[in-house]
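The structure under discussion appears below in the form of structure tokens.
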Amino acid sequence: MAIRADFHVHSTFSGDGKSPMEEEVVSAINKGLTHICFTEHNDIGFPYNGKDDEGMFDLNTDSYLYELLRLRGIYGDKINIGFGVELGMQTDVFRENAIYAKSYDFDFIIFSCHIVNKRDPYYPEFFENRSEEEALREYFECILENVKLFNNYDVLGHLDYAIRYAPETDKNYSYFKYKDVIDRILTTVIDNGRGIEVNTAGIRKYYLKDVHPNTDILKRYKELGGEIITVGSDSHTAGYEAADFDRAYEALKAAGFEYYCTFEGRIASYHKLG
């Protein structure tokens with residue numbers, strides 16, 4: 001396996017996780033991974049609006065950490081188990097996110113935009129009564145606002161995530177339609193010394209043609225000087241760790257990358273792509 005570190009994994013400590021941490025650790029070991037990093041959801045200020053279970057994206061971090069340390073004691077000689085979190089980006093809760101990010105000794109922080117101006121692209125209403133392009137542009141502009149405001153993270157998660165839920169998914173989508181705003185996102189991330197992730201979940205869950213973000217964005221990130229890059233399956237169920245990492249490898253090589261990163265204590269290590 002060319003990429004042996006999965007740095008985006010959810011367990012039942014995430015509100016939408018399906019498998020206990022131990023099952024995922026054992027599965028990752030059986031797949032030959034050297035690193036697994038749990039990145040449980042913590043979406044402060046998530047607008048539930050009766051559509052999701054209230055509080056499902058509020059992380060019980062102490063319980064999560066206790067279990068992770070227990071598993072390190074059992075499996076630590078077989079695999080590196082990272083203590084990570086996926087923070088939900090919203091401009092009006094950046095102070096709360098800043099306080100939370102400093103409250104624990106995380107190995108790794110993903111910063112993701114799941115909510116756009118208090119609306120969730122997961123639901124069709126986000127795209128209704130306007131063009132798909134208009135809705136996606138609002139999504140990218142929201143990310144830009146957030147990365148300008150908040151800097152205590154390691155990588156920006158699944159940059160073009162919202163295309164999973166677009167009426168035509170990625171059929172009409174291209175980096176070049178949104179180049180102006182995406183380039184500003186990438187430049188801000190790079191200037192702040194942060195990175196991006198390659199996320200493979202869209203391929204298996206939504207039948208997308210490419211990884212998140214797509215290969216054209218990865219190429220542009222590299223052209224602009226981006227070097228920090230992690231790879232994550234965004235698995236929520238045991239057995240999907242490192243799913244479609246062959247596609248991530250192809251995208252990274254096509255974009256000109258020779259390395260991928262892991263993190264420990266918020267410090268990046270670089271690993272040669274096989």
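Ligands are numbered from 1 in the order shown, residues from 1 within each chain, and chains are lettered A, B, ... in the order they appear in the structure tokens.
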Please tabulate, as a tab-separated table, the residues of segment 34-60 of chain A that come within 12 Å of segment 122-135 of chain A, each with its closest pair of atoms and the distance in Å to one decimal, counting only C-alpha atoms and ordering rows by chain, then residue number upward.
residue	atom	partner	partner_atom	distance
A:Tyr48	CA	A:Tyr123	CA	11.8
A:Asn49	CA	A:Tyr123	CA	11.7
A:Lys51	CA	A:Tyr123	CA	9.3
A:Asp52	CA	A:Tyr123	CA	11.0
For the selection you just gave me, I'd like the residues written to a file as a tab-separated table (two decimals), in the first residue's frame, keeping N, CA and C atoms.
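Wrote it out as again_18.tsv, contents follow:
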chain	number	residue	atom	x	y	z
A	48	TYR	N	-29.24	22.77	14.27
A	48	TYR	CA	-29.98	21.51	14.13
A	48	TYR	C	-31.35	21.70	13.48
A	49	ASN	N	-32.08	22.71	13.87
A	49	ASN	CA	-33.34	23.06	13.21
A	49	ASN	C	-34.31	21.88	13.10
A	51	LYS	N	-33.78	18.94	12.22
A	51	LYS	CA	-33.47	17.97	11.16
A	51	LYS	C	-32.48	16.91	11.62
A	52	ASP	N	-31.67	17.24	12.58
A	52	ASP	CA	-30.69	16.30	13.12
A	52	ASP	C	-30.93	16.18	14.63
Fill in: Neighbour list for Lys177 of chain A as a list of chain:residue names, cut-off 10 Å, only C-alpha atoms, skip fewer than 4 positions in-chain
A:Glu133, A:Leu136, A:Arg137, A:Asn172, A:Tyr173, A:Val181, A:Ile182
Discussion item. Under the rule that only C-alpha atoms are counted, which of A:Leu68, A:Leu252, A:Cys142, A:Met1 is the nearest residue to Thr215 of chain A?
Written reply: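 Going through A:Leu68, A:Leu252, A:Cys142, A:Met1 one by one, the smallest distance to Thr215 of chain A is for A:Leu252.
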Practice prompt. Compile the contact shell of segment 57-67 of chain A as a count of residues only: residues with an atom at most 6 Å away, counting only C-alpha atoms, same-chain residues fewer than 4 positions apart removed.
Written response: 4
Worksheet item: Can you list, as a VMD selection string, every protein, DNA or RNA residue that comes within 12 Å of segment 265-274 of chain A when you count only C-alpha atoms, leaving out same-chain residues fewer than 6 positions away?
Response: chain A and resid 1 to 5 7 34 to 35 37 81 to 85 101 to 102 104 to 110 152 to 155 193 to 195 227 to 231 245 to 246 248 to 253 256 to 259
Output C-alpha atoms of each residue in that selection to a file, as a compact mmCIF listing (two decimals), in the first residue's frame.
# COMPACT_ATOMS: atom_id res chain seq x y z
CA MET A 1 0.00 0.00 0.00
CA ALA A 2 1.48 3.33 -1.11
CA ILE A 3 -0.27 5.41 1.59
CA ARG A 4 -0.32 3.79 5.01
CA ALA A 5 -1.77 6.56 7.18
CA PHE A 7 -5.89 10.83 8.92
CA THR A 34 1.05 2.33 10.26
CA HIS A 35 -1.06 5.32 11.40
CA CYS A 37 -5.93 9.33 13.35
CA ILE A 81 -3.21 6.08 17.04
CA GLY A 82 -3.61 9.84 16.65
CA PHE A 83 -5.79 12.09 18.80
CA GLY A 84 -7.48 14.40 16.33
CA VAL A 85 -10.62 16.44 15.87
CA ALA A 101 -8.57 23.94 20.05
CA LYS A 102 -6.24 25.09 22.85
CA TYR A 104 -6.55 19.67 24.57
CA ASP A 105 -3.19 18.41 23.37
CA PHE A 106 -4.41 17.28 19.98
CA ASP A 107 -2.11 15.60 17.53
CA PHE A 108 -4.06 16.93 14.57
CA ILE A 109 -6.89 19.33 13.75
CA ILE A 110 -8.96 19.33 10.57
CA ASN A 152 -5.41 27.12 14.66
CA TYR A 153 -5.74 24.01 12.53
CA ASP A 154 -3.44 21.75 10.52
CA VAL A 155 -5.32 21.00 7.31
CA GLY A 193 1.52 27.68 7.04
CA ARG A 194 -1.38 25.23 6.90
CA GLY A 195 -2.25 22.37 4.57
CA GLU A 227 3.37 21.12 0.54
CA ILE A 228 1.39 19.98 3.60
CA ILE A 229 -1.10 17.30 2.59
CA THR A 230 -2.78 14.47 4.50
CA VAL A 231 -4.95 11.64 3.21
CA PHE A 245 -6.39 5.32 -1.29
CA ASP A 246 -5.25 4.09 -4.69
CA ALA A 248 -5.69 9.40 -3.69
CA TYR A 249 -2.25 8.16 -4.72
CA GLU A 250 -3.07 8.67 -8.42
CA ALA A 251 -4.36 12.20 -7.77
CA LEU A 252 -1.33 13.17 -5.69
CA LYS A 253 1.13 11.84 -8.25
CA GLY A 256 3.24 16.43 -8.68
CA PHE A 257 3.41 15.40 -5.03
CA GLU A 258 6.11 13.02 -3.82
CA TYR A 259 5.14 13.01 -0.13
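For the set A:Ala254, A:Asn97, A:Ser235, A:Asn214, the residue with the smallest atom-to-atom gap to Phe38 of chain A is A:Ser235, counting only C-alpha atoms.
Of the residues under consideration (A:Glu54, A:Asp191, A:Asp160, A:Glu24), A:Glu24 shows the shortest atom-to-atom contact distance to Ala238 of chain A when counting only C-alpha atoms.
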